[in-house]
Structures are given as structure tokens and as C-alpha cells.
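Colleague: For reference, the file structure-v6.cif (mmCIF, C-alpha atoms) is included below:
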```
data_target
#
loop_
_atom_site.label_atom_id
_atom_site.label_comp_id
_atom_site.auth_asym_id
_atom_site.auth_seq_id
_atom_site.Cartn_x
_atom_site.Cartn_y
_atom_site.Cartn_z
CA MET A 21 52.89 -10.63 -1.53
CA LYS A 22 50.86 -12.00 -4.46
CA ILE A 23 48.81 -14.23 -2.11
CA ARG A 24 48.08 -11.30 0.22
CA PHE A 25 47.04 -9.08 -2.72
CA ALA A 26 44.74 -11.79 -4.08
CA PHE A 27 43.14 -12.25 -0.65
CA VAL A 28 42.53 -8.52 -0.25
CA SER A 29 41.03 -8.32 -3.74
CA LEU A 30 38.71 -11.23 -2.93
CA VAL A 31 37.54 -9.54 0.28
CA ILE A 32 36.84 -6.26 -1.54
CA ALA A 33 34.92 -8.04 -4.29
CA THR A 34 32.86 -9.98 -1.76
CA LEU A 35 31.97 -6.82 0.16
CA ALA A 36 31.02 -5.06 -3.07
CA VAL A 37 28.70 -7.89 -4.11
CA GLY A 38 27.15 -7.89 -0.65
CA PHE A 39 26.58 -4.15 -0.80
CA ILE A 40 24.89 -4.39 -4.19
CA SER A 41 22.69 -7.26 -3.01
CA CYS A 42 21.58 -5.30 0.06
CA GLY A 43 20.45 -2.43 -2.16
CA LYS A 44 18.26 -4.59 -4.39
CA GLU A 45 14.58 -4.50 -3.55
CA LYS A 46 12.74 -7.66 -2.58
CA ASP A 47 9.70 -8.63 -4.65
CA MET A 48 6.80 -7.98 -2.26
CA ARG A 49 3.98 -8.70 -4.69
CA PRO A 50 1.26 -11.11 -3.48
CA ASP A 51 1.27 -14.52 -5.16
CA PHE A 52 -1.94 -13.70 -7.05
CA VAL A 53 -0.19 -10.80 -8.77
CA LYS A 54 2.96 -12.80 -9.54
CA GLN A 55 0.96 -15.63 -11.08
CA ASN A 56 -1.77 -13.74 -12.95
CA MET A 57 -0.54 -10.27 -13.85
CA LYS A 58 2.15 -8.68 -15.98
CA LEU A 59 3.92 -5.33 -15.76
CA VAL A 60 2.22 -2.88 -18.15
CA TRP A 61 3.83 0.40 -17.06
CA SER A 62 6.41 1.70 -14.60
CA ASP A 63 8.62 4.62 -13.77
CA GLU A 64 11.86 3.45 -12.17
CA PHE A 65 13.33 6.97 -11.86
CA ASP A 66 16.61 5.79 -13.37
CA GLY A 67 16.85 8.37 -16.15
CA GLU A 68 19.89 10.48 -16.93
CA SER A 69 17.96 13.71 -16.40
CA ASP A 70 17.12 15.05 -12.95
CA GLU A 71 13.68 16.07 -14.26
CA PRO A 72 10.94 13.48 -13.72
CA ASN A 73 9.91 11.96 -17.06
CA SER A 74 7.57 14.46 -18.73
CA ASP A 75 5.90 11.61 -20.64
CA ASN A 76 4.58 10.41 -17.28
CA TRP A 77 4.25 13.40 -14.95
CA ASP A 78 2.68 16.81 -14.81
CA TYR A 79 2.38 19.15 -11.79
CA ASP A 80 -0.30 20.72 -9.69
CA MET A 81 0.60 24.34 -8.99
CA GLY A 82 -0.23 26.97 -6.39
CA ASN A 83 -2.41 26.50 -3.32
CA ASN A 84 -5.80 26.24 -5.04
CA GLY A 85 -6.95 29.33 -3.15
CA ASN A 86 -7.77 27.46 0.04
CA GLY A 87 -4.92 25.05 0.71
CA TRP A 88 -6.38 22.37 -1.57
CA GLY A 89 -9.51 22.16 0.55
CA ASN A 90 -7.60 20.97 3.61
CA GLY A 91 -6.04 24.19 4.88
CA GLU A 92 -2.58 23.03 3.78
CA ARG A 93 0.29 25.46 4.17
CA GLN A 94 2.46 24.62 1.16
CA TYR A 95 2.54 26.24 -2.27
CA TYR A 96 3.06 23.63 -4.99
CA THR A 97 5.70 24.37 -7.62
CA ASP A 98 7.50 22.63 -10.49
CA GLN A 99 10.89 24.00 -9.45
CA ARG A 100 13.55 21.30 -9.62
CA GLU A 101 14.63 21.71 -6.00
CA HIS A 102 11.21 20.39 -4.96
CA SER A 103 10.99 17.38 -7.31
CA TYR A 104 14.03 15.79 -8.89
CA VAL A 105 15.54 12.44 -9.82
CA SER A 106 18.94 11.36 -8.50
CA LYS A 107 20.69 8.06 -7.77
CA GLY A 108 17.77 5.98 -8.98
CA SER A 109 14.91 7.59 -7.06
CA LEU A 110 12.53 10.52 -7.12
CA LYS A 111 12.79 13.08 -4.33
CA ILE A 112 9.79 15.24 -3.42
CA VAL A 113 11.00 17.98 -1.09
CA ALA A 114 8.90 20.33 1.04
CA LYS A 115 11.02 23.32 1.99
CA LYS A 116 10.56 26.71 3.63
CA ASN A 117 11.85 29.52 1.43
CA GLU A 118 13.63 32.72 2.45
CA GLN A 119 10.30 34.46 3.04
CA GLY A 120 9.22 31.69 5.43
CA ARG A 121 6.73 30.25 2.95
CA TRP A 122 6.44 26.50 2.54
CA GLN A 123 6.84 25.13 -0.98
CA SER A 124 6.55 21.53 -2.17
CA ALA A 125 5.58 19.45 -5.21
CA ARG A 126 2.60 17.40 -6.29
CA LEU A 127 3.25 15.19 -9.32
CA LYS A 128 0.35 13.69 -11.25
CA SER A 129 0.07 11.40 -14.27
CA SER A 130 -3.22 13.00 -15.39
CA PHE A 131 -3.82 12.73 -19.15
CA LYS A 132 -0.44 11.01 -19.49
CA GLN A 133 -0.80 7.68 -17.70
CA SER A 134 -4.14 6.44 -16.38
CA PHE A 135 -5.36 2.94 -15.59
CA LYS A 136 -8.53 0.97 -14.99
CA TYR A 137 -7.91 -1.93 -12.61
CA GLY A 138 -4.59 -3.52 -11.75
CA TYR A 139 -1.99 -3.82 -9.00
CA ILE A 140 -0.46 -0.39 -8.42
CA GLU A 141 2.69 -0.47 -6.28
CA PHE A 142 4.98 2.23 -4.88
CA ARG A 143 8.30 1.69 -3.09
CA ALA A 144 8.99 4.68 -0.90
CA LYS A 145 10.61 6.26 2.13
CA LEU A 146 8.37 8.69 4.01
CA PRO A 147 9.10 11.86 6.01
CA VAL A 148 8.30 11.73 9.73
CA GLU A 149 8.78 15.41 10.59
CA SER A 150 5.94 17.08 12.47
CA GLY A 151 3.54 18.82 10.11
CA SER A 152 4.39 16.67 7.08
CA TRP A 153 1.65 14.82 5.21
CA PRO A 154 2.98 12.60 2.39
CA ALA A 155 0.57 10.70 0.15
CA LEU A 156 0.54 8.24 -2.76
CA TRP A 157 -2.95 8.16 -4.27
CA MET A 158 -5.23 8.06 -7.31
CA MET A 159 -8.01 10.19 -8.74
CA PRO A 160 -10.45 9.66 -11.64
CA GLN A 161 -9.24 10.87 -15.01
CA LEU A 162 -12.74 12.14 -15.81
CA THR A 163 -15.44 13.21 -13.36
CA THR A 164 -17.89 10.75 -14.87
CA TYR A 165 -20.15 10.73 -11.82
CA GLY A 166 -19.59 14.34 -10.75
CA GLN A 167 -17.20 16.30 -8.56
CA TRP A 168 -15.42 14.90 -5.51
CA PRO A 169 -16.24 12.59 -3.86
CA ARG A 170 -18.86 11.40 -6.37
CA SER A 171 -16.33 10.05 -8.91
CA GLY A 172 -14.14 8.49 -6.21
CA GLU A 173 -10.65 8.64 -4.73
CA ILE A 174 -8.24 5.81 -3.91
CA ASP A 175 -5.60 6.60 -1.28
CA VAL A 176 -2.88 3.97 -1.54
CA MET A 177 -0.90 5.50 1.34
CA GLU A 178 -1.33 8.48 3.65
CA TYR A 179 0.88 9.26 6.62
CA ALA A 180 0.74 12.14 9.10
CA THR A 181 2.92 11.95 12.20
CA ASN A 182 1.05 14.65 14.13
CA THR A 183 -2.35 13.03 13.66
CA TRP A 184 -1.70 9.31 13.40
CA GLY A 185 1.69 8.65 14.99
CA LYS A 186 3.11 5.52 13.35
CA LYS A 187 -0.15 4.59 11.57
CA THR A 188 -0.10 4.45 7.78
CA TYR A 189 -3.55 4.45 6.16
CA GLY A 190 -5.18 3.04 3.04
CA THR A 191 -8.51 4.69 2.27
CA VAL A 192 -11.25 5.02 -0.33
CA HIS A 193 -13.74 7.86 -0.84
CA CYS A 194 -17.01 7.95 -2.77
CA LYS A 195 -20.50 9.45 -2.42
CA ALA A 196 -21.66 6.56 -0.22
CA GLY A 197 -19.25 7.85 2.44
CA SER A 198 -21.54 10.88 2.99
CA GLY A 199 -19.96 14.30 2.67
CA GLY A 200 -16.59 12.93 1.63
CA LYS A 201 -16.13 10.77 4.74
CA ALA A 202 -14.12 7.64 3.90
CA VAL A 203 -16.34 4.71 3.02
CA SER A 204 -13.48 2.37 3.95
CA SER A 205 -10.21 3.06 5.77
CA ASP A 206 -7.71 1.01 7.76
CA TYR A 207 -4.11 1.28 8.87
CA ILE A 208 -0.98 -0.56 9.84
CA GLU A 209 1.56 0.65 12.39
CA ILE A 210 5.06 0.82 10.88
CA ALA A 211 8.07 1.06 13.15
CA ASP A 212 10.15 3.08 10.70
CA VAL A 213 8.63 4.56 7.54
CA THR A 214 11.93 6.27 6.72
CA LYS A 215 13.14 2.87 5.44
CA TRP A 216 12.08 1.38 2.11
CA HIS A 217 8.60 -0.17 2.12
CA THR A 218 6.07 -1.02 -0.58
CA TYR A 219 2.54 0.40 -0.60
CA ALA A 220 0.04 -0.99 -3.08
CA VAL A 221 -3.57 -1.61 -4.06
CA LEU A 222 -5.03 -4.54 -5.95
CA TRP A 223 -7.95 -2.91 -7.75
CA GLN A 224 -10.34 -5.28 -9.48
CA GLU A 225 -13.93 -5.19 -10.69
CA ASP A 226 -15.20 -6.78 -7.48
CA GLY A 227 -13.15 -4.81 -4.93
CA ILE A 228 -10.01 -3.00 -3.81
CA GLN A 229 -7.39 -4.46 -1.47
CA TRP A 230 -4.54 -2.55 0.19
CA PHE A 231 -1.10 -4.05 0.76
CA TYR A 232 1.94 -3.07 2.83
CA ASP A 233 5.13 -5.00 1.98
CA GLY A 234 2.94 -7.61 0.29
CA LYS A 235 0.60 -8.12 3.27
CA GLN A 236 -3.05 -7.17 2.98
CA ILE A 237 -4.20 -4.48 5.43
CA ASN A 238 -7.64 -3.44 4.13
CA GLU A 239 -10.37 -4.35 1.66
CA TYR A 240 -13.37 -2.58 0.16
CA LYS A 241 -15.74 -4.83 -1.77
CA ASN A 242 -17.92 -3.67 -4.63
CA PRO A 243 -21.43 -3.81 -3.10
CA GLY A 244 -23.01 -3.98 -6.55
CA SER A 245 -25.41 -1.15 -5.72
CA GLY A 246 -24.31 1.35 -8.36
CA TRP A 247 -21.92 4.30 -8.81
CA GLU A 248 -22.60 5.97 -5.45
CA ALA A 249 -20.76 3.15 -3.66
CA TRP A 250 -18.63 2.02 -6.61
CA PRO A 251 -17.47 4.72 -9.03
CA PHE A 252 -14.27 2.69 -9.46
CA ASP A 253 -15.09 1.40 -12.94
CA GLN A 254 -13.32 4.27 -14.71
CA PRO A 255 -9.63 5.07 -15.42
CA PHE A 256 -7.71 6.73 -12.57
CA TYR A 257 -4.40 8.59 -12.63
CA ILE A 258 -1.57 8.61 -10.05
CA ILE A 259 -0.57 11.40 -7.64
CA MET A 260 2.50 11.72 -5.38
CA ASN A 261 2.91 14.68 -3.03
CA VAL A 262 4.13 16.02 0.31
CA ALA A 263 1.68 18.44 1.91
CA MET A 264 2.44 20.50 5.00
CA GLY A 265 0.09 21.37 7.84
CA GLY A 266 -3.63 21.37 7.24
CA THR A 267 -6.32 19.10 8.67
CA LEU A 268 -4.02 16.07 8.93
CA GLY A 269 -0.53 17.56 8.81
CA GLY A 270 -1.21 19.68 11.87
CA ASP A 271 1.22 22.14 13.47
CA ILE A 272 4.61 22.73 11.87
CA PRO A 273 7.51 23.53 14.25
CA SER A 274 8.76 27.07 13.69
CA ASP A 275 12.39 25.92 13.39
CA MET A 276 11.66 23.21 10.82
CA GLN A 277 13.18 23.89 7.40
CA GLN A 278 12.41 20.94 5.13
CA CYS A 279 11.45 17.29 4.75
CA GLN A 280 11.48 14.75 1.94
CA MET A 281 9.68 11.75 0.49
CA GLU A 282 11.73 9.42 -1.70
CA VAL A 283 10.14 7.11 -4.30
CA ASP A 284 12.15 4.25 -5.80
CA TYR A 285 9.53 3.26 -8.36
CA VAL A 286 5.87 3.20 -9.37
CA ARG A 287 4.69 0.01 -11.10
CA VAL A 288 1.37 -1.06 -12.59
CA TYR A 289 0.49 -4.70 -13.24
CA GLN A 290 -2.64 -5.90 -15.02
CA ALA A 291 -4.21 -9.27 -15.77
CA GLU A 292 -2.65 -11.12 -18.70
#
```
Show me this structure written as C-alpha cells.
Modeller:
Amino acid sequence: MKIRFAFVSLVIATLAVGFISCGKEKDMRPDFVKQNMKLVWSDEFDGESDEPNSDNWDYDMGNNGNGWGNGERQYYTDQREHSYVSKGSLKIVAKKNEQGRWQSARLKSSFKQSFKYGYIEFRAKLPVESGSWPALWMMPQLTTYGQWPRSGEIDVMEYATNTWGKKTYGTVHCKAGSGGKAVSSDYIEIADVTKWHTYAVLWQEDGIQWFYDGKQINEYKNPGSGWEAWPFDQPFYIIMNVAMGGTLGGDIPSDMQQCQMEVDYVRVYQAE
């Protein structure tokens, strides 16, 4: 009986260790980052409170009068049911309320955490429901060169099932793109974005590179011609949101009720 009990205990312990190991994320950082940069800031979403850390995050609210310039359907709110921390990750939930109105959340680190250059990495699971439009991106803390797109925009990850299918994009906007058109944009097809993947940019003085699970998918080089093509010499802050409908989200099924993006962490590395 003692031998059998010991064997069973050993099996349970082995399975437990295996389960824990499977849940641990793999370091996807490129070798350049591992060898030359150090972690300067992160939010691991491991806090005891279900509220995202107020030292790091603020909220955009409302619909900006015109669906944030993209005809989006959702109304952004800071209600906990739309952005909360649980079991070691942040959930951003787009949900239709009792009146049939879509509500969601857009978290931003504006005037709390902003960065100039570095390797900015997200680990996330994305929604694939029709009409959803999740994004992980960055905007300038100050409009040094003027209103959008003059002061720039860095889209680390955008995904819209209706428009792009399985394509996940990394994009950059500035005045040189003419009328807000992306000056550089490329994609990678991902079989299943509902599983954990890392999305990142390596932003340096001479260019920006996009990475998916540590593999480069796009690059925009600083042409050295001035701010119109390179406004990316100023601090930028981080944004995480799930939009619904609009120019990229597209049609939302009438029977759809909600969808969710989950973020395990946001990490920023800079040169030592």
C-alpha cells in the first residue's frame, strides 16, 4: 500500500510540474535584444486587484463623436466588466449591452508611461469574431510635429478578421504617407491568433522593425529626410483596445454578443 501511494504521489507531482511548465511563456526576444538591452518597465498583470494598475493606465472614453474617425461602433468605457485583471492577465472585453449598444475599453499609458526607443513587446490572445478589431499600438505623447498623422503612429499589431482573414499587420503612419496612408505596412498569416503569441517592435534611431514570436516581419528605415518621414524621435505611449465594426472591423453579426482580447504582459527593453 505504501509503495502504491508513493507511486501515485510521484505521478501527480510529475503532472503538476508538467502543467506549470506548459504555462510558462517562452522567451521570444531576438538575440540583439537579449544581448544588448535590459528591461526598464513592464506590466505583468499579476496584481491582487482586478483593476489595471492606475500608475500605468488611463482610459479613452466615449465614441469621440464619429467613431474615433473610423466609423467604429463601440462606446469606450472604464467599467470593470470591459477591462479587468484576473489569473495573471488583462482582459479587454467588447460586449453588447441590454440596449444593443456595443461597449469596449481602450487603455492608454499617456502621461503615465511613455518611451523613446526600445523593444516593446506584448504577449496576447486575439479575438477572431467577425466585426472585431483588436490593436496594440503607440502614439506620440506630444504632438510635436502637429496633429495626426504628422507626429506619427506605430501600430505594433492590428487584426481584423472581416478585412484581412488570418493576416496580422504591423504598420507605421506619418505625413510622408500622404493623407494618413501607411508609409510602411506588412503582415504575417497566423493560423490561430487565439493562442498566445508575442507582438513587438524594435524601435531605434535608424529604423523600426516588427516581430512576431521573435521573427522579423517588417522594417521601416529612417530615411534621414526630416520629420515628415521620421517623426519617431519623440516619446510615445502605449494603447491596447478592441474596436468593433468601422472601416476595418466591418459588419458585426446581429446575434454576436461579445468578444475578448487577453494580454499576458507588456514589456519595454532599452539599450544598457
Colleague: Determine the residue set returned by the PyMOL selection byres ((chain A and resi 69) around 12) for the present structure, and present it as a PyMOL selection string.
Modeller: chain A and resi 65-68+70-74+100+104-110
Colleague: The PyMOL selection byres ((chain A and resi 89) around 12) on the file shown: which residues, as a ChimeraX atom specification?
Modeller: /A:83-88,90-93,168,200,263,266-268
Colleague: Mind giving me the straight-line distance from CA of Pro255 (chain A) to CA of Trp230 (chain A) in Å, one decimal?
Modeller: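 These two atoms are separated by 18.1 Å.
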Colleague: Translate the PyMOL selection byres ((chain A and resi 177) around 12) into a concrete residue list for this structure, as a PyMOL selection string.
Modeller: chain A and resi 140-146+153-158+173-176+178-180+187-192+205-208+213+217-221+230-232+237-238+258-262
Colleague: Go ahead and save the residues from that selection, with C-alpha atoms, as a PDB file, keeping the file's coordinate frame.
Modeller:
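And here's out.pdb as it stands now:
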```pdb
ATOM      1  CA  ILE A 140      -0.460  -0.390  -8.420  1.00  0.00           C
ATOM      2  CA  GLU A 141       2.690  -0.470  -6.280  1.00  0.00           C
ATOM      3  CA  PHE A 142       4.980   2.230  -4.880  1.00  0.00           C
ATOM      4  CA  ARG A 143       8.300   1.690  -3.090  1.00  0.00           C
ATOM      5  CA  ALA A 144       8.990   4.680  -0.900  1.00  0.00           C
ATOM      6  CA  LYS A 145      10.610   6.260   2.130  1.00  0.00           C
ATOM      7  CA  LEU A 146       8.370   8.690   4.010  1.00  0.00           C
ATOM      8  CA  TRP A 153       1.650  14.820   5.210  1.00  0.00           C
ATOM      9  CA  PRO A 154       2.980  12.600   2.390  1.00  0.00           C
ATOM     10  CA  ALA A 155       0.570  10.700   0.150  1.00  0.00           C
ATOM     11  CA  LEU A 156       0.540   8.240  -2.760  1.00  0.00           C
ATOM     12  CA  TRP A 157      -2.950   8.160  -4.270  1.00  0.00           C
ATOM     13  CA  MET A 158      -5.230   8.060  -7.310  1.00  0.00           C
ATOM     14  CA  GLU A 173     -10.650   8.640  -4.730  1.00  0.00           C
ATOM     15  CA  ILE A 174      -8.240   5.810  -3.910  1.00  0.00           C
ATOM     16  CA  ASP A 175      -5.600   6.600  -1.280  1.00  0.00           C
ATOM     17  CA  VAL A 176      -2.880   3.970  -1.540  1.00  0.00           C
ATOM     18  CA  GLU A 178      -1.330   8.480   3.650  1.00  0.00           C
ATOM     19  CA  TYR A 179       0.880   9.260   6.620  1.00  0.00           C
ATOM     20  CA  ALA A 180       0.740  12.140   9.100  1.00  0.00           C
ATOM     21  CA  LYS A 187      -0.150   4.590  11.570  1.00  0.00           C
ATOM     22  CA  THR A 188      -0.100   4.450   7.780  1.00  0.00           C
ATOM     23  CA  TYR A 189      -3.550   4.450   6.160  1.00  0.00           C
ATOM     24  CA  GLY A 190      -5.180   3.040   3.040  1.00  0.00           C
ATOM     25  CA  THR A 191      -8.510   4.690   2.270  1.00  0.00           C
ATOM     26  CA  VAL A 192     -11.250   5.020  -0.330  1.00  0.00           C
ATOM     27  CA  SER A 205     -10.210   3.060   5.770  1.00  0.00           C
ATOM     28  CA  ASP A 206      -7.710   1.010   7.760  1.00  0.00           C
ATOM     29  CA  TYR A 207      -4.110   1.280   8.870  1.00  0.00           C
ATOM     30  CA  ILE A 208      -0.980  -0.560   9.840  1.00  0.00           C
ATOM     31  CA  VAL A 213       8.630   4.560   7.540  1.00  0.00           C
ATOM     32  CA  HIS A 217       8.600  -0.170   2.120  1.00  0.00           C
ATOM     33  CA  THR A 218       6.070  -1.020  -0.580  1.00  0.00           C
ATOM     34  CA  TYR A 219       2.540   0.400  -0.600  1.00  0.00           C
ATOM     35  CA  ALA A 220       0.040  -0.990  -3.080  1.00  0.00           C
ATOM     36  CA  VAL A 221      -3.570  -1.610  -4.060  1.00  0.00           C
ATOM     37  CA  TRP A 230      -4.540  -2.550   0.190  1.00  0.00           C
ATOM     38  CA  PHE A 231      -1.100  -4.050   0.760  1.00  0.00           C
ATOM     39  CA  TYR A 232       1.940  -3.070   2.830  1.00  0.00           C
ATOM     40  CA  ILE A 237      -4.200  -4.480   5.430  1.00  0.00           C
ATOM     41  CA  ASN A 238      -7.640  -3.440   4.130  1.00  0.00           C
ATOM     42  CA  ILE A 258      -1.570   8.610 -10.050  1.00  0.00           C
ATOM     43  CA  ILE A 259      -0.570  11.400  -7.640  1.00  0.00           C
ATOM     44  CA  MET A 260       2.500  11.720  -5.380  1.00  0.00           C
ATOM     45  CA  ASN A 261       2.910  14.680  -3.030  1.00  0.00           C
ATOM     46  CA  VAL A 262       4.130  16.020   0.310  1.00  0.00           C
TER      47      VAL A 262
END
```
Colleague: Around all the atoms of region 252-260 of chain A listed in the file, draw an axis-aligned box and extend it by 3 Å on each of the six sides; I want its centre and edge lengths in Å to one decimal, as AutoDock Vina command-line options.
Modeller:
```
--center_x -6.3 --center_y 6.6 --center_z -10.4 --size_x 23.6 --size_y 16.3 --size_z 16.0
```
Colleague: Please determine, counting all atoms listed in the file, which residue among A:Asp63, A:Glu292, A:Asp253, A:Asp78 has the shortest atom-to-atom distance to Ser103 (chain A).
Modeller: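 Closest residue, counting all atoms listed in the file: A:Asp78.
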Colleague: How far is it from CA of Leu222 (chain A) to CA of Asp284 (chain A), in Å with one decimal?
Modeller: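 So the two atoms, CA of Leu222 (chain A) and CA of Asp284 (chain A), lie 19.3 Å apart.
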Colleague: Using all atoms listed in the file, tabulate the residues of region 152-246 of chain A lying at most 9 Å from any atom of region 122-131 of chain A, each with its closest atom pair and that distance in Å to one decimal, by chain and increasing residue number, as a Markdown table.
Modeller:
```
| residue | atom | partner | partner_atom | distance |
| --- | --- | --- | --- | --- |
| A:Met158 | CA | A:Lys128 | CA | 8.9 |
| A:Met159 | CA | A:Ser130 | CA | 8.7 |
| A:Pro160 | CA | A:Ser130 | CA | 8.8 |
| A:Gln161 | CA | A:Ser130 | CA | 6.4 |
```
Colleague: Please report the interatomic distance between CA of Lys132 (chain A) and CA of Asn76 (chain A) in Å with one decimal.
Modeller: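 Separation between CA of Lys132 (chain A) and CA of Asn76 (chain A): 5.5 Å.
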Colleague: Any idea what's packed within 12 Å of region 245-247 of chain A, counting all atoms listed in the file, ignoring anything in its chain fewer than 6 positions away? Could you give it as a PyMOL selection string?
Modeller: chain A and resi 163-166+169-172+193-196+226+253-254
Colleague: Nearest to Gln55 (chain A): which of A:Ala249, A:Pro147, A:Gln290, A:Tyr95 is it, counting all atoms listed in the file?
Modeller: A:Gln290
Colleague: Find the residue from A:Arg121, A:Lys215, A:Arg287, A:Lys111 that sits nearest to Tyr96 (chain A); use all atoms listed in the file when measuring.
Modeller: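 Smallest distance to Tyr96 (chain A) is found for A:Arg121.
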Colleague: Given the point (12.8, 10.9, 12.6) in the file's coordinates, find the residues that have an atom at most 9 Å from it, counting all atoms listed in the file, and give them as a PyMOL selection string.
Modeller: chain A and resi 147-149+212+214
Colleague: Residues of the last selection are to be written out with C-alpha atoms, as an mmCIF file, in the frame of the given file.
Modeller:
```cif
data_model
loop_
_atom_site.group_PDB
_atom_site.id
_atom_site.type_symbol
_atom_site.label_atom_id
_atom_site.label_comp_id
_atom_site.auth_asym_id
_atom_site.auth_seq_id
_atom_site.Cartn_x
_atom_site.Cartn_y
_atom_site.Cartn_z
ATOM 1 C CA PRO A 147 9.100 11.860 6.010
ATOM 2 C CA VAL A 148 8.300 11.730 9.730
ATOM 3 C CA GLU A 149 8.780 15.410 10.590
ATOM 4 C CA ASP A 212 10.150 3.080 10.700
ATOM 5 C CA THR A 214 11.930 6.270 6.720
#
```
Colleague: Kindly complete region 115-134 of chain A to N, CA, C and O atoms; the output should be written as a compact mmCIF listing (two decimals), keeping the file's coordinate frame.
Modeller:
```txt
# COMPACT_ATOMS: atom_id res chain seq x y z
N LYS A 115 9.97 22.46 1.44
CA LYS A 115 11.02 23.32 1.99
C LYS A 115 10.46 24.73 2.25
O LYS A 115 9.62 25.22 1.50
N LYS A 116 10.95 25.33 3.32
CA LYS A 116 10.56 26.71 3.63
C LYS A 116 11.53 27.66 2.93
O LYS A 116 12.74 27.53 3.07
N ASN A 117 10.97 28.61 2.18
CA ASN A 117 11.85 29.52 1.43
C ASN A 117 12.31 30.69 2.30
O ASN A 117 12.00 30.75 3.50
N GLU A 118 13.03 31.61 1.70
CA GLU A 118 13.63 32.72 2.45
C GLU A 118 12.57 33.64 3.07
O GLU A 118 12.85 34.34 4.05
N GLN A 119 11.39 33.64 2.51
CA GLN A 119 10.30 34.46 3.04
C GLN A 119 9.48 33.71 4.10
O GLN A 119 8.48 34.23 4.60
N GLY A 120 9.92 32.47 4.43
CA GLY A 120 9.22 31.69 5.43
C GLY A 120 8.00 30.98 4.90
O GLY A 120 7.17 30.48 5.68
N ARG A 121 7.88 30.90 3.59
CA ARG A 121 6.73 30.25 2.95
C ARG A 121 7.08 28.82 2.57
O ARG A 121 8.13 28.57 1.99
N TRP A 122 6.20 27.89 2.88
CA TRP A 122 6.44 26.50 2.54
C TRP A 122 6.12 26.24 1.08
O TRP A 122 5.09 26.67 0.57
N GLN A 123 7.03 25.55 0.41
CA GLN A 123 6.84 25.13 -0.98
C GLN A 123 7.10 23.63 -1.08
O GLN A 123 7.90 23.07 -0.32
N SER A 124 6.40 22.97 -2.00
CA SER A 124 6.55 21.53 -2.17
C SER A 124 6.18 21.18 -3.61
O SER A 124 6.12 22.06 -4.47
N ALA A 125 5.96 19.89 -3.87
CA ALA A 125 5.58 19.45 -5.21
C ALA A 125 4.50 18.39 -5.14
O ALA A 125 4.44 17.59 -4.19
N ARG A 126 3.63 18.43 -6.13
CA ARG A 126 2.60 17.40 -6.29
C ARG A 126 2.62 16.95 -7.74
O ARG A 126 2.19 17.67 -8.65
N LEU A 127 3.14 15.75 -7.98
CA LEU A 127 3.25 15.19 -9.32
C LEU A 127 2.01 14.36 -9.62
O LEU A 127 1.51 13.63 -8.75
N LYS A 128 1.54 14.44 -10.85
CA LYS A 128 0.35 13.69 -11.25
C LYS A 128 0.54 13.17 -12.67
O LYS A 128 1.17 13.81 -13.51
N SER A 129 -0.04 12.00 -12.93
CA SER A 129 0.07 11.40 -14.27
C SER A 129 -1.17 11.68 -15.11
O SER A 129 -1.39 11.04 -16.13
N SER A 130 -1.96 12.66 -14.71
CA SER A 130 -3.22 13.00 -15.39
C SER A 130 -3.02 13.27 -16.88
O SER A 130 -2.13 14.04 -17.27
N PHE A 131 -3.84 12.62 -17.70
CA PHE A 131 -3.82 12.73 -19.15
C PHE A 131 -2.48 12.30 -19.76
O PHE A 131 -2.18 12.62 -20.90
N LYS A 132 -1.69 11.58 -18.99
CA LYS A 132 -0.44 11.01 -19.49
C LYS A 132 -0.41 9.50 -19.26
O LYS A 132 -0.10 8.73 -20.16
N GLN A 133 -0.74 9.10 -18.03
CA GLN A 133 -0.80 7.68 -17.70
C GLN A 133 -1.99 7.47 -16.75
O GLN A 133 -1.99 7.99 -15.64
N SER A 134 -3.00 6.76 -17.23
CA SER A 134 -4.14 6.44 -16.38
C SER A 134 -4.51 4.98 -16.59
O SER A 134 -4.21 4.39 -17.65
```
